[in-house]
Each structure stands twice: as C-alpha cells, then as structure tokens.
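File shown here: entry.cif, holding mmCIF, N, CA and C atoms and all ligand atoms.
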```cif
data_data
loop_
_atom_site.label_atom_id
_atom_site.label_comp_id
_atom_site.auth_asym_id
_atom_site.auth_seq_id
_atom_site.Cartn_x
_atom_site.Cartn_y
_atom_site.Cartn_z
N MET A 1 97.76 99.13 98.06
CA MET A 1 98.07 100.45 98.62
C MET A 1 97.47 101.55 97.73
N VAL A 2 97.29 102.72 98.31
CA VAL A 2 96.78 103.87 97.55
C VAL A 2 97.62 105.12 97.85
N ARG A 3 97.55 106.05 96.91
CA ARG A 3 98.14 107.37 97.16
C ARG A 3 97.04 108.40 97.02
N LEU A 4 96.92 109.26 98.01
CA LEU A 4 95.91 110.32 97.97
C LEU A 4 96.65 111.66 98.01
N ILE A 5 96.26 112.54 97.11
CA ILE A 5 96.84 113.90 97.13
C ILE A 5 95.68 114.88 97.30
N TYR A 6 95.79 115.76 98.28
CA TYR A 6 94.74 116.77 98.45
C TYR A 6 95.38 118.12 98.65
N THR A 7 94.57 119.14 98.43
CA THR A 7 95.01 120.49 98.74
C THR A 7 93.98 121.12 99.67
N SER A 8 94.38 122.14 100.41
CA SER A 8 93.46 122.83 101.32
C SER A 8 94.00 124.24 101.55
N THR A 9 93.18 125.03 102.22
CA THR A 9 93.52 126.44 102.46
C THR A 9 93.57 126.70 103.96
N ILE A 10 94.54 127.44 104.41
CA ILE A 10 94.63 127.71 105.85
C ILE A 10 93.43 128.57 106.30
N THR A 11 93.06 128.42 107.56
CA THR A 11 92.01 129.27 108.14
C THR A 11 92.68 130.27 109.10
N ASP A 12 91.87 131.15 109.69
CA ASP A 12 92.49 132.10 110.63
C ASP A 12 92.83 131.44 111.96
N LYS A 13 92.45 130.16 112.11
CA LYS A 13 92.88 129.42 113.30
C LYS A 13 94.32 128.92 113.16
N PHE A 14 94.82 128.98 111.94
CA PHE A 14 96.17 128.46 111.70
C PHE A 14 97.23 129.52 111.97
N GLU A 15 98.28 129.11 112.70
CA GLU A 15 99.44 129.97 112.88
C GLU A 15 100.64 129.23 112.33
N VAL A 16 101.61 129.97 111.81
CA VAL A 16 102.75 129.31 111.18
C VAL A 16 103.44 128.34 112.14
N SER A 17 103.37 128.69 113.43
CA SER A 17 104.01 127.80 114.41
C SER A 17 103.28 126.45 114.51
N ASP A 18 102.04 126.37 113.99
CA ASP A 18 101.31 125.09 113.99
C ASP A 18 102.00 124.04 113.13
N ILE A 19 102.74 124.51 112.13
CA ILE A 19 103.39 123.57 111.21
C ILE A 19 104.24 122.56 111.98
N ALA A 20 105.01 123.04 112.91
CA ALA A 20 105.89 122.14 113.68
C ALA A 20 105.05 121.13 114.47
N ARG A 21 103.94 121.62 115.05
CA ARG A 21 103.05 120.73 115.81
C ARG A 21 102.42 119.68 114.90
N ILE A 22 101.94 120.12 113.75
CA ILE A 22 101.29 119.19 112.80
C ILE A 22 102.30 118.13 112.36
N LEU A 23 103.51 118.56 112.05
CA LEU A 23 104.52 117.60 111.58
C LEU A 23 104.88 116.59 112.64
N LYS A 24 104.97 117.06 113.88
CA LYS A 24 105.34 116.14 114.96
C LYS A 24 104.27 115.05 115.11
N ILE A 25 103.02 115.50 115.20
CA ILE A 25 101.89 114.55 115.32
C ILE A 25 101.85 113.62 114.11
N ALA A 26 101.98 114.22 112.92
CA ALA A 26 101.87 113.41 111.69
C ALA A 26 102.96 112.35 111.65
N ARG A 27 104.18 112.75 111.99
CA ARG A 27 105.29 111.78 111.95
C ARG A 27 104.99 110.61 112.88
N GLU A 28 104.55 110.93 114.11
CA GLU A 28 104.28 109.86 115.08
C GLU A 28 103.12 108.98 114.65
N LYS A 29 102.00 109.63 114.33
CA LYS A 29 100.77 108.86 114.04
C LYS A 29 100.89 108.10 112.73
N ASN A 30 101.46 108.72 111.73
CA ASN A 30 101.54 108.05 110.42
C ASN A 30 102.48 106.86 110.49
N LYS A 31 103.53 107.02 111.25
CA LYS A 31 104.47 105.92 111.39
C LYS A 31 103.77 104.70 112.01
N ALA A 32 102.94 104.97 113.01
CA ALA A 32 102.26 103.88 113.70
C ALA A 32 101.33 103.10 112.77
N ILE A 33 100.80 103.76 111.73
CA ILE A 33 99.89 103.05 110.82
C ILE A 33 100.52 102.85 109.44
N ASP A 34 101.84 103.03 109.37
CA ASP A 34 102.61 102.80 108.14
C ASP A 34 102.12 103.65 106.96
N VAL A 35 101.78 104.89 107.26
CA VAL A 35 101.43 105.84 106.20
C VAL A 35 102.61 106.77 105.99
N THR A 36 103.00 106.94 104.73
CA THR A 36 104.12 107.84 104.43
C THR A 36 103.59 108.99 103.60
N GLY A 37 104.43 109.98 103.34
CA GLY A 37 103.94 111.08 102.53
C GLY A 37 104.76 112.33 102.65
N LEU A 38 104.15 113.40 102.16
CA LEU A 38 104.84 114.68 102.12
C LEU A 38 103.83 115.79 102.33
N LEU A 39 104.20 116.75 103.14
CA LEU A 39 103.34 117.91 103.36
C LEU A 39 104.07 119.15 102.86
N SER A 40 103.41 119.90 102.00
CA SER A 40 104.00 121.12 101.49
C SER A 40 103.09 122.29 101.86
N PHE A 41 103.70 123.39 102.21
CA PHE A 41 102.93 124.54 102.69
C PHE A 41 103.52 125.80 102.08
N ASN A 42 102.68 126.64 101.53
CA ASN A 42 103.22 127.87 100.95
C ASN A 42 102.52 129.13 101.43
N ARG A 43 102.34 129.28 102.70
CA ARG A 43 101.73 130.46 103.33
C ARG A 43 100.21 130.45 103.28
N ARG A 44 99.62 130.02 102.17
CA ARG A 44 98.17 130.06 102.08
C ARG A 44 97.56 128.67 101.90
N PHE A 45 98.28 127.79 101.18
CA PHE A 45 97.73 126.47 100.85
C PHE A 45 98.59 125.35 101.42
N PHE A 46 97.92 124.23 101.66
CA PHE A 46 98.63 122.98 101.91
C PHE A 46 98.48 122.10 100.69
N LEU A 47 99.50 121.30 100.43
CA LEU A 47 99.41 120.25 99.43
C LEU A 47 100.04 119.05 100.11
N GLN A 48 99.24 117.99 100.27
CA GLN A 48 99.75 116.84 101.02
C GLN A 48 99.46 115.56 100.28
N CYS A 49 100.41 114.64 100.39
CA CYS A 49 100.24 113.34 99.79
C CYS A 49 100.35 112.30 100.90
N LEU A 50 99.47 111.31 100.84
CA LEU A 50 99.47 110.24 101.85
C LEU A 50 99.49 108.90 101.13
N GLU A 51 100.38 108.03 101.52
CA GLU A 51 100.48 106.70 100.90
C GLU A 51 100.41 105.61 101.97
N GLY A 52 99.72 104.55 101.63
CA GLY A 52 99.63 103.42 102.56
C GLY A 52 98.47 102.53 102.21
N GLU A 53 98.08 101.65 103.13
CA GLU A 53 96.93 100.80 102.89
C GLU A 53 95.68 101.67 102.81
N ARG A 54 94.73 101.24 101.97
CA ARG A 54 93.56 102.08 101.69
C ARG A 54 92.81 102.51 102.96
N ASP A 55 92.53 101.57 103.85
CA ASP A 55 91.76 101.91 105.05
C ASP A 55 92.47 102.95 105.90
N GLN A 56 93.78 102.80 106.01
CA GLN A 56 94.56 103.74 106.84
C GLN A 56 94.58 105.13 106.22
N VAL A 57 94.79 105.17 104.90
CA VAL A 57 94.87 106.46 104.21
C VAL A 57 93.51 107.17 104.29
N ASN A 58 92.44 106.42 104.08
CA ASN A 58 91.11 107.04 104.15
C ASN A 58 90.79 107.56 105.55
N GLN A 59 91.12 106.75 106.52
CA GLN A 59 90.84 107.14 107.90
C GLN A 59 91.58 108.43 108.28
N ILE A 60 92.86 108.45 107.94
CA ILE A 60 93.66 109.62 108.34
C ILE A 60 93.23 110.85 107.54
N TYR A 61 92.89 110.64 106.27
CA TYR A 61 92.44 111.78 105.46
C TYR A 61 91.17 112.40 106.07
N HIS A 62 90.24 111.56 106.46
CA HIS A 62 88.97 112.09 107.01
C HIS A 62 89.20 112.84 108.31
N LYS A 63 90.16 112.39 109.07
CA LYS A 63 90.50 113.11 110.29
C LYS A 63 91.14 114.47 109.95
N ILE A 64 92.10 114.44 109.06
CA ILE A 64 92.79 115.67 108.66
C ILE A 64 91.79 116.68 108.08
N ALA A 65 90.88 116.17 107.25
CA ALA A 65 89.96 117.06 106.51
C ALA A 65 89.08 117.90 107.44
N THR A 66 88.84 117.41 108.66
CA THR A 66 87.97 118.18 109.57
C THR A 66 88.77 119.04 110.55
N ASP A 67 90.07 119.08 110.38
CA ASP A 67 90.92 119.89 111.26
C ASP A 67 90.61 121.38 111.03
N PRO A 68 90.28 122.13 112.10
CA PRO A 68 89.88 123.53 111.91
C PRO A 68 91.00 124.47 111.44
N ARG A 69 92.22 123.96 111.40
CA ARG A 69 93.33 124.83 110.95
C ARG A 69 93.38 125.00 109.44
N HIS A 70 92.56 124.23 108.74
CA HIS A 70 92.47 124.45 107.29
C HIS A 70 91.04 124.20 106.82
N LYS A 71 90.75 124.61 105.57
CA LYS A 71 89.38 124.48 105.03
C LYS A 71 89.46 124.13 103.55
N ILE A 72 88.28 123.89 102.99
CA ILE A 72 88.12 123.55 101.56
C ILE A 72 89.11 122.46 101.12
N PRO A 73 89.13 121.32 101.81
CA PRO A 73 89.99 120.24 101.35
C PRO A 73 89.44 119.65 100.05
N VAL A 74 90.29 119.52 99.05
CA VAL A 74 89.88 118.96 97.76
C VAL A 74 90.85 117.86 97.38
N ILE A 75 90.32 116.66 97.14
CA ILE A 75 91.18 115.57 96.69
C ILE A 75 91.52 115.78 95.22
N ILE A 76 92.81 115.88 94.95
CA ILE A 76 93.26 116.12 93.59
C ILE A 76 93.52 114.80 92.88
N ASP A 77 93.97 113.81 93.64
CA ASP A 77 94.31 112.53 93.01
C ASP A 77 94.16 111.40 94.01
N TYR A 78 93.68 110.27 93.54
CA TYR A 78 93.53 109.09 94.40
C TYR A 78 93.77 107.88 93.51
N GLN A 79 94.83 107.13 93.81
CA GLN A 79 95.22 106.04 92.91
C GLN A 79 95.68 104.82 93.66
N GLU A 80 95.38 103.67 93.06
CA GLU A 80 95.98 102.42 93.55
C GLU A 80 97.45 102.46 93.16
N ILE A 81 98.33 102.07 94.06
CA ILE A 81 99.76 102.07 93.73
C ILE A 81 100.38 100.72 94.14
N THR A 82 101.49 100.40 93.46
CA THR A 82 102.19 99.16 93.81
C THR A 82 103.47 99.47 94.60
N HIS A 83 103.95 100.72 94.49
CA HIS A 83 105.10 101.10 95.30
C HIS A 83 104.96 102.56 95.74
N ARG A 84 105.65 102.88 96.82
CA ARG A 84 105.57 104.23 97.36
C ARG A 84 106.59 105.14 96.69
N GLU A 85 106.18 106.38 96.44
CA GLU A 85 107.14 107.41 95.98
C GLU A 85 107.76 108.10 97.19
N PHE A 86 107.02 108.10 98.30
CA PHE A 86 107.45 108.87 99.48
C PHE A 86 107.66 107.91 100.63
N ASP A 87 108.68 107.08 100.48
CA ASP A 87 108.85 106.04 101.50
C ASP A 87 109.89 106.41 102.54
N VAL A 88 110.56 107.52 102.32
CA VAL A 88 111.67 107.85 103.23
C VAL A 88 111.19 108.53 104.50
N TRP A 89 110.21 109.44 104.34
CA TRP A 89 109.74 110.18 105.51
C TRP A 89 108.36 109.73 105.90
N SER A 90 108.09 109.74 107.17
CA SER A 90 106.70 109.57 107.55
C SER A 90 105.95 110.85 107.17
N MET A 91 106.68 111.96 107.19
CA MET A 91 106.10 113.19 106.67
C MET A 91 107.24 114.17 106.40
N GLY A 92 107.40 114.52 105.13
CA GLY A 92 108.48 115.44 104.78
C GLY A 92 107.94 116.85 104.68
N TYR A 93 108.77 117.81 104.87
CA TYR A 93 108.29 119.19 104.81
C TYR A 93 109.43 120.09 104.35
N LEU A 94 109.15 120.86 103.34
CA LEU A 94 110.14 121.79 102.83
C LEU A 94 109.65 123.20 103.12
N GLN A 95 110.49 123.99 103.68
CA GLN A 95 110.06 125.35 104.03
C GLN A 95 109.82 126.18 102.79
N ASP A 96 109.12 127.26 102.98
CA ASP A 96 108.78 128.12 101.86
C ASP A 96 110.01 128.88 101.39
N VAL A 97 110.87 128.19 100.71
CA VAL A 97 112.12 128.77 100.27
C VAL A 97 112.08 129.04 98.77
N GLU A 98 113.10 129.73 98.29
CA GLU A 98 113.15 130.12 96.89
C GLU A 98 112.99 128.92 95.93
N SER A 99 113.69 127.83 96.26
CA SER A 99 113.63 126.67 95.36
C SER A 99 112.21 126.10 95.27
N LEU A 100 111.46 126.23 96.36
CA LEU A 100 110.08 125.74 96.34
C LEU A 100 109.24 126.63 95.43
N ARG A 101 109.47 127.93 95.53
CA ARG A 101 108.74 128.85 94.65
C ARG A 101 109.04 128.56 93.18
N GLU A 102 110.31 128.25 92.91
CA GLU A 102 110.69 127.92 91.52
C GLU A 102 109.97 126.66 91.05
N LEU A 103 109.88 125.68 91.95
CA LEU A 103 109.20 124.43 91.58
C LEU A 103 107.71 124.68 91.32
N PHE A 104 107.09 125.52 92.15
CA PHE A 104 105.69 125.84 91.93
C PHE A 104 105.52 126.46 90.54
N TYR A 105 106.44 127.37 90.22
CA TYR A 105 106.33 128.04 88.92
C TYR A 105 106.53 127.05 87.78
N LYS A 106 107.52 126.16 87.95
CA LYS A 106 107.81 125.16 86.91
C LYS A 106 106.56 124.33 86.59
N HIS A 107 105.81 123.96 87.62
CA HIS A 107 104.69 123.05 87.40
C HIS A 107 103.36 123.74 87.13
N THR A 108 103.27 125.02 87.48
CA THR A 108 101.98 125.68 87.29
C THR A 108 102.07 126.82 86.28
N LYS A 109 103.29 127.21 85.94
CA LYS A 109 103.51 128.33 85.01
C LYS A 109 102.79 129.59 85.47
N SER A 110 102.70 129.76 86.75
CA SER A 110 102.04 130.95 87.28
C SER A 110 102.79 131.39 88.53
N ILE A 111 102.90 132.72 88.73
CA ILE A 111 103.56 133.16 89.95
C ILE A 111 102.58 133.12 91.12
N ASN A 112 101.29 133.11 90.81
CA ASN A 112 100.29 132.98 91.88
C ASN A 112 99.93 131.50 92.03
N PHE A 113 100.68 130.81 92.83
CA PHE A 113 100.50 129.38 92.98
C PHE A 113 99.10 129.06 93.51
N ASP A 114 98.36 128.27 92.73
CA ASP A 114 97.02 127.86 93.17
C ASP A 114 96.87 126.36 92.94
N PRO A 115 97.10 125.55 93.99
CA PRO A 115 97.07 124.10 93.81
C PRO A 115 95.70 123.57 93.40
N TYR A 116 94.63 124.35 93.64
CA TYR A 116 93.30 123.88 93.24
C TYR A 116 93.19 123.75 91.72
N LYS A 117 94.08 124.43 91.01
CA LYS A 117 94.02 124.37 89.55
C LYS A 117 94.86 123.22 89.00
N MET A 118 95.55 122.50 89.86
CA MET A 118 96.43 121.43 89.38
C MET A 118 95.63 120.15 89.14
N ASN A 119 96.12 119.32 88.19
CA ASN A 119 95.53 118.00 88.06
C ASN A 119 96.42 116.99 88.79
N GLY A 120 95.96 115.75 88.83
CA GLY A 120 96.68 114.73 89.60
C GLY A 120 98.11 114.55 89.17
N ASP A 121 98.33 114.55 87.85
CA ASP A 121 99.68 114.31 87.35
C ASP A 121 100.64 115.44 87.72
N THR A 122 100.18 116.68 87.55
CA THR A 122 101.08 117.80 87.89
C THR A 122 101.33 117.87 89.39
N ALA A 123 100.30 117.60 90.17
CA ALA A 123 100.48 117.65 91.63
C ALA A 123 101.49 116.59 92.06
N LYS A 124 101.39 115.40 91.48
CA LYS A 124 102.33 114.33 91.84
C LYS A 124 103.75 114.71 91.41
N ALA A 125 103.88 115.24 90.18
CA ALA A 125 105.21 115.63 89.68
C ALA A 125 105.82 116.70 90.58
N LEU A 126 105.01 117.66 91.00
CA LEU A 126 105.50 118.72 91.88
C LEU A 126 105.96 118.13 93.22
N LEU A 127 105.16 117.24 93.79
CA LEU A 127 105.53 116.65 95.08
C LEU A 127 106.80 115.82 94.98
N ILE A 128 106.98 115.16 93.84
CA ILE A 128 108.22 114.38 93.66
C ILE A 128 109.42 115.32 93.56
N ASP A 129 109.26 116.44 92.87
CA ASP A 129 110.35 117.43 92.81
C ASP A 129 110.66 117.98 94.20
N ILE A 130 109.61 118.22 94.98
CA ILE A 130 109.83 118.72 96.34
C ILE A 130 110.56 117.67 97.17
N ARG A 131 110.14 116.42 97.00
CA ARG A 131 110.83 115.31 97.69
C ARG A 131 112.32 115.32 97.36
N ASP A 132 112.65 115.51 96.08
CA ASP A 132 114.06 115.50 95.68
C ASP A 132 114.81 116.70 96.25
N GLU A 133 114.13 117.85 96.32
CA GLU A 133 114.75 119.04 96.94
C GLU A 133 115.08 118.78 98.40
N ILE A 134 114.13 118.12 99.09
CA ILE A 134 114.36 117.82 100.50
C ILE A 134 115.57 116.90 100.64
N LYS A 135 115.64 115.89 99.75
CA LYS A 135 116.78 114.96 99.80
C LYS A 135 118.09 115.72 99.61
N LYS A 136 118.09 116.63 98.61
CA LYS A 136 119.30 117.41 98.33
C LYS A 136 119.70 118.22 99.56
N ALA A 137 118.68 118.89 100.15
CA ALA A 137 118.94 119.74 101.31
C ALA A 137 119.49 118.92 102.48
N GLU A 138 118.99 117.69 102.61
CA GLU A 138 119.46 116.84 103.70
C GLU A 138 120.89 116.39 103.50
N GLN A 139 121.27 116.26 102.22
CA GLN A 139 122.64 115.80 101.94
C GLN A 139 123.65 116.92 102.03
N ALA A 140 123.16 118.17 101.83
CA ALA A 140 124.08 119.31 101.79
C ALA A 140 124.69 119.57 103.17
C1 LIG A 201 97.42 120.38 106.84
C2 LIG A 201 97.35 119.33 107.91
C3 LIG A 201 97.96 118.11 107.71
C4 LIG A 201 97.90 117.12 108.68
N1 LIG A 201 98.49 115.91 108.43
C5 LIG A 201 98.39 114.94 109.35
C6 LIG A 201 98.95 113.65 109.09
O1 LIG A 201 99.54 113.38 108.05
N2 LIG A 201 98.81 112.71 110.05
C7 LIG A 201 98.16 112.95 111.24
O2 LIG A 201 98.06 112.05 112.07
N3 LIG A 201 97.65 114.16 111.51
C8 LIG A 201 97.74 115.15 110.60
N4 LIG A 201 97.21 116.38 110.88
C9 LIG A 201 96.62 116.62 112.22
C10 LIG A 201 95.23 116.01 112.34
O3 LIG A 201 94.28 116.84 111.73
C11 LIG A 201 94.89 115.82 113.84
O4 LIG A 201 94.95 117.04 114.50
C12 LIG A 201 95.86 114.86 114.52
O5 LIG A 201 95.92 113.65 113.81
C13 LIG A 201 95.46 114.61 116.00
O6 LIG A 201 94.35 113.80 116.06
P1 LIG A 201 93.63 113.40 117.45
O7 LIG A 201 92.74 114.55 117.76
O8 LIG A 201 92.87 112.17 117.13
O9 LIG A 201 94.72 113.18 118.44
C14 LIG A 201 97.22 117.38 109.90
C15 LIG A 201 96.62 118.61 110.10
C16 LIG A 201 96.67 119.58 109.12
C17 LIG A 201 96.01 120.92 109.36
#
```

Take the structure in the file and give it back as structure tokens.
Ligand SMILES: Cc1cc2nc3c(=O)[nH]c(=O)nc-3n(C[C@H](O)[C@H](O)[C@H](O)COP(=O)(O)O)c2cc1C
Amino acid sequence: MVRLIYTSTITDKFEVSDIARILKIAREKNKAIDVTGLLSFNRRFFLQCLEGERDQVNQIYHKIATDPRHKIPVIIDYQEITHREFDVWSMGYLQDVESLRELFYKHTKSINFDPYKMNGDTAKALLIDIRDEIKKAEQA
C-alpha cells in the first residue's frame, strides 16, 4: 500500500458548494476501490491524503489532478505504508473552523497557511491532527 499527500489551489471554477459534491463522489468512488483518506480545505488550498493499493491511488490521483476546480497540484509526500492512518473514512472533511486554523498554525507557525511550504512529515502530522479533531467532533 502507499500513502500520497498532495496540495492544490482552488480555481475560479470552484464554488464552496462544490465541496459537498466532491465529498459525495469521493466517498462513493474511493470506497469502491478501497482507497481511504482525508480532504482538508481552507478557502484557498486543498490538502488531501489518499491511501490504498499503489495502482488505485495513482489512478485516482491522476484523475483528481486534472479536475478544473483546482490547479497547481503538488505531491508533498508519497510513501510505501504497512497500515493506514485514515482507515475510518473513505473521505473525511473538517470545515474551516477555529480549531482547524489553530492546527494550521501549530504545524506551520504562520497565520498565512501555505501548504506548498510544508514537507511530508509536517503535512502528515497536520492531517493526523485533523483526523483526531474530526473524531472528537463526531463523538461530541
Ligand atoms: C480537491 C478535489 C479532491 C477530489 N478527491 C476525489 C477523491 O478522493 N476521489 C474521487 O473519486 N474523486 C475526487 N475528486 C473528483 C474527481 O476529480 C472527479 O471529478 C470524480 O472522480 C468524477 O470522475 P468521473 O468524471 O470519472 O466520473 C476530487 C476533486 C477535487 C477538486
């Protein structure tokens, strides 16, 4: 299995209401090919992690990368893995809430969150913190 983390920037074709559509499609399609992960969105950037068999992750990434709703996709991390960190959701999503902003600050030490400046380790640590926030929110 592999884990791929990429970041991208929204285009003017993107509307905030697209998020719900993207998540619905992602949940259905990723489930069918046993790809799990997390999608994070902060008004300007996406940060997404995809986990699964290599062929499936590559295929889905190449499809996502050409989606006109975002641009400048950059792979931040790509690793062979023996277990999934994001096995609970086919695609998790945390809204742009205060706790998310705090997490961005914790991992980037900047109020102007720019995921393109992150390395693989920080991006993974941030996504894991977001995953835990989602779990907390679901339990509350
Ligand atoms: C930021 C972003 C993340 C996306 N993530 C996924 C995903 O995880 N899985 C997926 O199937 N589609 C995802 N999509 C949507 C795909 O780009 C594509 O529209 C969708 O898979 C429909 O493909 P189709 O045209 O073959 O039906 C994402 C799109 C964007 C903009």

Polymer residues at most 5 Å from stretch 33-41 of chain A, only N, CA and C atoms, same-chain spacing of 4 or more positions, as a PDB file with N, CA and C atoms, in the coordinates of the input:
```
ATOM      1  N   LYS A  29     102.000 109.630 114.330  1.00  0.00           N
ATOM      2  CA  LYS A  29     100.770 108.860 114.040  1.00  0.00           C
ATOM      3  C   LYS A  29     100.890 108.100 112.730  1.00  0.00           C
ATOM      4  N   PHE A  45      98.280 127.790 101.180  1.00  0.00           N
ATOM      5  CA  PHE A  45      97.730 126.470 100.850  1.00  0.00           C
ATOM      6  C   PHE A  45      98.590 125.350 101.420  1.00  0.00           C
ATOM      7  N   PHE A  46      97.920 124.230 101.660  1.00  0.00           N
ATOM      8  CA  PHE A  46      98.630 122.980 101.910  1.00  0.00           C
ATOM      9  C   PHE A  46      98.480 122.100 100.690  1.00  0.00           C
ATOM     10  N   LEU A  47      99.500 121.300 100.430  1.00  0.00           N
ATOM     11  CA  LEU A  47      99.410 120.250  99.430  1.00  0.00           C
ATOM     12  C   LEU A  47     100.040 119.050 100.110  1.00  0.00           C
ATOM     13  N   GLN A  48      99.240 117.990 100.270  1.00  0.00           N
ATOM     14  CA  GLN A  48      99.750 116.840 101.020  1.00  0.00           C
ATOM     15  C   GLN A  48      99.460 115.560 100.280  1.00  0.00           C
ATOM     16  N   CYS A  49     100.410 114.640 100.390  1.00  0.00           N
ATOM     17  CA  CYS A  49     100.240 113.340  99.790  1.00  0.00           C
ATOM     18  C   CYS A  49     100.350 112.300 100.900  1.00  0.00           C
ATOM     19  N   LEU A  50      99.470 111.310 100.840  1.00  0.00           N
ATOM     20  CA  LEU A  50      99.470 110.240 101.850  1.00  0.00           C
ATOM     21  C   LEU A  50      99.490 108.900 101.130  1.00  0.00           C
ATOM     22  N   GLU A  51     100.380 108.030 101.520  1.00  0.00           N
ATOM     23  CA  GLU A  51     100.480 106.700 100.900  1.00  0.00           C
ATOM     24  C   GLU A  51     100.410 105.610 101.970  1.00  0.00           C
ATOM     25  N   GLY A  52      99.720 104.550 101.630  1.00  0.00           N
ATOM     26  CA  GLY A  52      99.630 103.420 102.560  1.00  0.00           C
ATOM     27  C   GLY A  52      98.470 102.530 102.210  1.00  0.00           C
ATOM     28  N   PHE A  86     107.020 108.100  98.300  1.00  0.00           N
ATOM     29  CA  PHE A  86     107.450 108.870  99.480  1.00  0.00           C
ATOM     30  C   PHE A  86     107.660 107.910 100.630  1.00  0.00           C
ATOM     31  N   TRP A  89     110.210 109.440 104.340  1.00  0.00           N
ATOM     32  CA  TRP A  89     109.740 110.180 105.510  1.00  0.00           C
ATOM     33  C   TRP A  89     108.360 109.730 105.900  1.00  0.00           C
ATOM     34  N   SER A  90     108.090 109.740 107.170  1.00  0.00           N
ATOM     35  CA  SER A  90     106.700 109.570 107.550  1.00  0.00           C
ATOM     36  C   SER A  90     105.950 110.850 107.170  1.00  0.00           C
ATOM     37  N   MET A  91     106.680 111.960 107.190  1.00  0.00           N
ATOM     38  CA  MET A  91     106.100 113.190 106.670  1.00  0.00           C
ATOM     39  C   MET A  91     107.240 114.170 106.400  1.00  0.00           C
ATOM     40  N   GLY A  92     107.400 114.520 105.130  1.00  0.00           N
ATOM     41  CA  GLY A  92     108.480 115.440 104.780  1.00  0.00           C
ATOM     42  C   GLY A  92     107.940 116.850 104.680  1.00  0.00           C
ATOM     43  N   TYR A  93     108.770 117.810 104.870  1.00  0.00           N
ATOM     44  CA  TYR A  93     108.290 119.190 104.810  1.00  0.00           C
ATOM     45  C   TYR A  93     109.430 120.090 104.350  1.00  0.00           C
TER      46      TYR A  93
END
```

Considering all atoms listed in the file, give me a table of residues in chain A that are at most 6 Å from ligand LIG 201 (chain A), with the closest atom pair and distance in Å for each, as a Markdown table.
```
| residue | atom | partner | partner_atom | distance |
| --- | --- | --- | --- | --- |
| A:Ile22 | CA | A:LIG201 | N4 | 5.3 |
| A:Ile25 | C | A:LIG201 | O2 | 4.6 |
| A:Ala26 | CA | A:LIG201 | N2 | 3.5 |
| A:Arg27 | N | A:LIG201 | N2 | 5.7 |
| A:Lys29 | CA | A:LIG201 | O2 | 4.6 |
| A:Asn30 | N | A:LIG201 | O2 | 4.8 |
| A:Phe46 | CA | A:LIG201 | C1 | 5.7 |
| A:Lys63 | C | A:LIG201 | O3 | 4.3 |
| A:Ile64 | CA | A:LIG201 | O3 | 3.6 |
| A:Ala65 | N | A:LIG201 | O3 | 5.7 |
| A:Asp67 | CA | A:LIG201 | O3 | 4.6 |
| A:Arg69 | C | A:LIG201 | C17 | 4.9 |
| A:His70 | N | A:LIG201 | C17 | 4.8 |
```

Separation of atom N of A:Thr9 from atom C of A:Met118 in Å: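 A separation of 14.2 Å between them.
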
Selected residue of minimal separation from A:Tyr6 among A:Asp121, A:Glu102, A:Asp114, A:Asp77, counting all atoms listed in the file: A:Asp77

Separation of atom CA of A:His107 from atom CA of A:Lys124, in Å and rounded to one decimal: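 That distance, rounded to one decimal, is 10.1 Å.
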
Sel. of strand (DSSP E or B) residues, stretch 64-108 of chain A, as a VMD selection string: chain A and resid 70 to 80 92 to 94

Residues of chain A in helix (DSSP H, G or I), written as an MDAnalysis selection string: chainID A and resid 18:32 54:65 98:108 115:117 120:139

Separation of atom CA of A:Gln59 from atom CA of A:Met1 in Å: 13.5 Å

Which residue of A:Ile10, A:Ile128, A:Ala123, A:Val16 approaches A:Ile76 most closely, using only C-alpha atoms: A:Ala123

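Minimum atom-to-atom distance to A:Arg84, evaluated using only C-alpha atoms, belongs to A:Leu4 out of A:Leu4, A:Leu23, A:Ile60, A:Ala140.
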
Would you fill out stretch 73-82 of chain A with N, CA, C and O atoms and return it as a compact mmCIF listing (two decimals), keeping the file's coordinate frame?
```txt
# COMPACT_ATOMS: atom_id res chain seq x y z
N PRO A 73 89.13 121.32 101.81
CA PRO A 73 89.99 120.24 101.35
C PRO A 73 89.44 119.65 100.05
O PRO A 73 88.24 119.39 99.95
N VAL A 74 90.29 119.52 99.05
CA VAL A 74 89.88 118.96 97.76
C VAL A 74 90.85 117.86 97.38
O VAL A 74 92.07 118.08 97.34
N ILE A 75 90.32 116.66 97.14
CA ILE A 75 91.18 115.57 96.69
C ILE A 75 91.52 115.78 95.22
O ILE A 75 90.64 115.90 94.37
N ILE A 76 92.81 115.88 94.95
CA ILE A 76 93.26 116.12 93.59
C ILE A 76 93.52 114.80 92.88
O ILE A 76 93.33 114.67 91.68
N ASP A 77 93.97 113.81 93.64
CA ASP A 77 94.31 112.53 93.01
C ASP A 77 94.16 111.40 94.01
O ASP A 77 94.47 111.57 95.20
N TYR A 78 93.68 110.27 93.54
CA TYR A 78 93.53 109.09 94.40
C TYR A 78 93.77 107.88 93.51
O TYR A 78 93.03 107.66 92.55
N GLN A 79 94.83 107.13 93.81
CA GLN A 79 95.22 106.04 92.91
C GLN A 79 95.68 104.82 93.66
O GLN A 79 96.29 104.93 94.72
N GLU A 80 95.38 103.67 93.06
CA GLU A 80 95.98 102.42 93.55
C GLU A 80 97.45 102.46 93.16
O GLU A 80 97.78 102.84 92.03
N ILE A 81 98.33 102.07 94.06
CA ILE A 81 99.76 102.07 93.73
C ILE A 81 100.38 100.72 94.14
O ILE A 81 99.87 100.02 95.01
N THR A 82 101.49 100.40 93.46
CA THR A 82 102.19 99.16 93.81
C THR A 82 103.47 99.47 94.60
O THR A 82 104.02 98.61 95.26
```
